[in-house]
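Chemist: One structure is given below, represented as structure tokens, and several questions about it will come after.
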Amino acid sequence: MAKEEIRKVLRQALLELKKEKGVGDFDMQEISFEHPENPDHGDYATNIAFVLAKRLGRNPREVADRIVSCTKYHVPRTTSIEKIEVAGSGFINFFLSPHWLEEQLLRSWKEKEKVGQNTSLKGKKIMVEYAHPNTHKEMHVGHMRTLITGEALARIFEACGARVFRANYQGDVGPHVAKAIWGIEKIFQERAIPWKQAQKLNVQEKARLLGEGYVRGNQEYEQQKDRIDELNRKLYERAKDTMSIYKKTRTWSLDYFDSIYKRFGTRFDKLYFESEVADRGKKIVLKNRGNIFQESNGAVIFEGEKYGLHTRVFITQDGHPTYEGKEMGLAPMQYKDFPFDLNIHVVASEQSAYFQVVFKALELIDEKFKGRECHLSMGMVQLVGKKMSSRTGVVITIDHLLSEIKTLLSRLIKNEGLTPAEQKRIQEIGAIAAVKYSMLRVDPKADVMFDLKSSVSLEGDSGPYLLYTYARCKSILRKAKFRISNVGFRSHKEHFSKEELDILRLAYRFEEIVREAAEKFAPNLVCGFAFDLAQTYNTFYHSHSVLQAETKEKQEFRLLLTAAVAQVISNSLSLLGIQTLEKM
């Protein structure tokens with residue numbers, strides 16, 4: 001990477017400067033590198049002179065000049081660096097060689113799917129726990145964001161060389177299940193629906209029944225509290241007269257979830273359930289009672305105030321483990337299955353205080369969990385012009401949302417020459433791309449305002465826009481019957497137009513962006529890069545002819561440019577969990 005080469009040059013320059021009084025040892029982590037917005041200021045700019053000048057009590061500009069004078073002895077002839085300059089009050093700007101940039105373009109085309117991959121996380125074992133839908137409910141857009149983000153993170157970590165374990169922890173016991181089953185039984189009685197008939201329904205129809213049952217149970221809970229609570233108790237104890245309907249409806253949920261996971265291109269190495277960790281967690285809490293946990297009015301609590309946290313109940317007065325108590329059984333089970341260096345829980349921000357307590361209790365029980373558990377505090381999802389509440393039944397399900405997006409896309413996509421099957425495939429992939437990109441383009445910790453119309457725009461910052469740009473590139477390459485006659489060719493700097501050079505100065509950053517996205521748990525960085533690249537290419541496309549270039553050399557270079565851009569966009573979309581389309 002160019003950045004690493006620049007760091008190496010600066011380290012050597014600092015060794016020269018260490019001979020001068022006051023410089024001493026220098027931590028390279030103090031140095032920031034940025035890509036200047038104005039390309040006239042180079043490809044990288046660093047603040048090293050300001051950091052060093054403060055230490056030495058000297059003028060930053062003078063220090064910058066001195067650093068640059070030292071670097072000239074340490075820039076090898078074969079390098080990515082063309083020149084180094086001092087700018088403004090002391091910034092040091094690095095300009096990359098156009099020939100090196102062109103080499104990276106050629107590399108992007110030759111290495112195909114491997115472009116962007118690196119070894120920054122090689123040897124690391126990372127568990128990503130995401131999705132977390134509760135059974136006996138329909139999956140709505142709130143679950144969708146954690147599903148989409150978790151899968152993107154898993155792919156980004158893998159691209160950086162990590163071993164990744166995809167985990168999904170689901171609530172399949174508790175009051176919500178009792179309410180749903182209560183409601184379903186009522187609905188079946190009123191509509192005279194026999195179970196044999198219900199079993200013949202398709203996956204989506206069964207899911208809708210579960211959603212109706214949950215809403216009904218919530219609506220009647222105050223009036224039927226004793227009966228529903230008793231049903232909840234019997235479900236926890238696995239009473240024989242409740243297990244038949246419980247198992248059937250649980251299977252309905254899991255089959256429905258599987259259909260969503262397949263549609264969104266995700267998979268899990270293991271599904272974990274509250275029902276299987278509840279007893280384990282309770283035993284661990286009781287084993288540590290009087291030490292880590294304390295009794296309080298018949299319940300067992302964790303006194304979080306001792307650690308600047310909240311006090312929380314881990315076992316209720318009725319003897320049932322709470323969510324917190326169940327986590328005590330989940331973590332050891334997950335670690336046994338996959339001894340992770342890091343377990344990232346992709347969960348909404350409203351659970352931040354909960355996870356702080358859970359993580360503290362875990363590390364007090366077993367020190368190996370200290371520093372290994374992490375909560376990615378996800379922002380909420382709001383649909384522009386719509387309100388949601390699963391308790392009242394005012395929900396936007398994933399199936400319904402995708403159906404609406406498909407309708408919008410059908411009005412935008414050119415259908416000439418496409419078979420009905422091709423049109424259907426384009427609408428499905430386009431709809432998934434619209435949803436995923438709209439969720440991922442925003443920092444995971446920030447709230448998302450999801451707008452259906454913006455999500456399908458072919459001219460804005462959207463998934464379909466990236467698909468359209470990729471399809472445009474592939475169309476050009478098909479028409480040209482793209483081949484590079486001499487893959488070792490070099491163009492001269494003076495042959496590059498501004499628009500071509502803009503692409504060169506952006507495309508090489510892909511690997512750097514992937515590394516940063518992994519470090520910061522930020523798929524939005526990949527989205528931003530892919531959009532910038534697509535925009536830059538489209539600016540070039542509207543300014544220059546590819547197929548009718550002035551010379552054969554220029555045509556070949558522009559075809560390489562087009563092929564490389566298509567490959568990098570494809571790899572970016574793959575990291576986001578989005579399929580590409582050759583035609584659109």
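By convention in this document, the chains of the structure tokens carry letters A, B, ... by their order, each chain's residues are numbered from 1, and ligands are numbered from 1 in the order they are shown.
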Give me, as a ChimeraX atom specification, all polymer residues having an atom no more than 6 Å from Glu82 in chain A, counting only C-alpha atoms and skipping those fewer than 6 positions away in the same chain.

Modeler: /A:95-97

Chemist: Just all heavy atoms for this one: save the residues we selected as a PDB file, in the first residue's frame.

Modeler:
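Listing of result25.pdb after writing:
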```
ATOM      1  N   PHE A  95       2.566  13.103  -3.536  1.00  0.00           N
ATOM      2  CA  PHE A  95       1.944  12.882  -4.831  1.00  0.00           C
ATOM      3  C   PHE A  95       2.361  11.501  -5.340  1.00  0.00           C
ATOM      4  O   PHE A  95       3.558  11.175  -5.369  1.00  0.00           O
ATOM      5  CB  PHE A  95       2.381  13.947  -5.833  1.00  0.00           C
ATOM      6  CG  PHE A  95       1.914  15.336  -5.488  1.00  0.00           C
ATOM      7  CD1 PHE A  95       2.556  16.071  -4.492  1.00  0.00           C
ATOM      8  CD2 PHE A  95       0.838  15.917  -6.146  1.00  0.00           C
ATOM      9  CE1 PHE A  95       2.140  17.354  -4.153  1.00  0.00           C
ATOM     10  CE2 PHE A  95       0.423  17.196  -5.829  1.00  0.00           C
ATOM     11  CZ  PHE A  95       1.065  17.917  -4.827  1.00  0.00           C
ATOM     12  N   LEU A  96       1.394  10.693  -5.741  1.00  0.00           N
ATOM     13  CA  LEU A  96       1.692   9.347  -6.218  1.00  0.00           C
ATOM     14  C   LEU A  96       1.985   9.358  -7.714  1.00  0.00           C
ATOM     15  O   LEU A  96       1.417  10.140  -8.470  1.00  0.00           O
ATOM     16  CB  LEU A  96       0.516   8.410  -5.921  1.00  0.00           C
ATOM     17  CG  LEU A  96       0.175   8.251  -4.435  1.00  0.00           C
ATOM     18  CD1 LEU A  96      -1.003   7.311  -4.265  1.00  0.00           C
ATOM     19  CD2 LEU A  96       1.376   7.746  -3.635  1.00  0.00           C
ATOM     20  N   SER A  97       2.856   8.481  -8.120  1.00  0.00           N
ATOM     21  CA  SER A  97       3.273   8.382  -9.512  1.00  0.00           C
ATOM     22  C   SER A  97       2.125   7.885 -10.384  1.00  0.00           C
ATOM     23  O   SER A  97       1.501   6.861 -10.062  1.00  0.00           O
ATOM     24  CB  SER A  97       4.445   7.411  -9.624  1.00  0.00           C
ATOM     25  OG  SER A  97       4.591   6.948 -10.942  1.00  0.00           O
TER      26      SER A  97
END
```

Chemist: Which residues come within 7 Å of Thr135 in chain A, counting only C-alpha atoms, excluding same-chain residues fewer than 3 positions away, as a VMD selection string?

Modeler: chain A and resid 171 to 172 250 253

Chemist: Would you mind telling me which residue in A:Lys445, A:Arg411, A:Lys122, A:His136 lies nearest to Ile245 in chain A when using only C-alpha atoms?

Modeler: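 Of the candidates, the smallest distance to Ile245 in chain A is held by A:His136.
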
Chemist: What residues in range 55-230 of chain A get the DSSP label helix (DSSP H, G or I)? Please answer as a PyMOL selection string.

Modeler: chain A and resi 55-56+60-71+98-114+141-159+175-191+195-198+203-219+225-230

Chemist: Would you mind writing down, as a PyMOL selection string, each residue of range 22-135 of chain A that DSSP on the backbone assigns to strand (DSSP E)?

Modeler: chain A and resi 33-34+44-46+81-87+91-96+125-129

Chemist: Please list as JSON, numbers by chain every residue within 10 Å of range 185-199 of chain A, counting only C-alpha atoms and excluding residues in the same chain fewer than 2 positions away.

Modeler: {"A": [180, 181, 182, 183, 201, 202, 203, 205, 206, 209, 212, 213, 216, 217, 245, 248, 249, 252]}
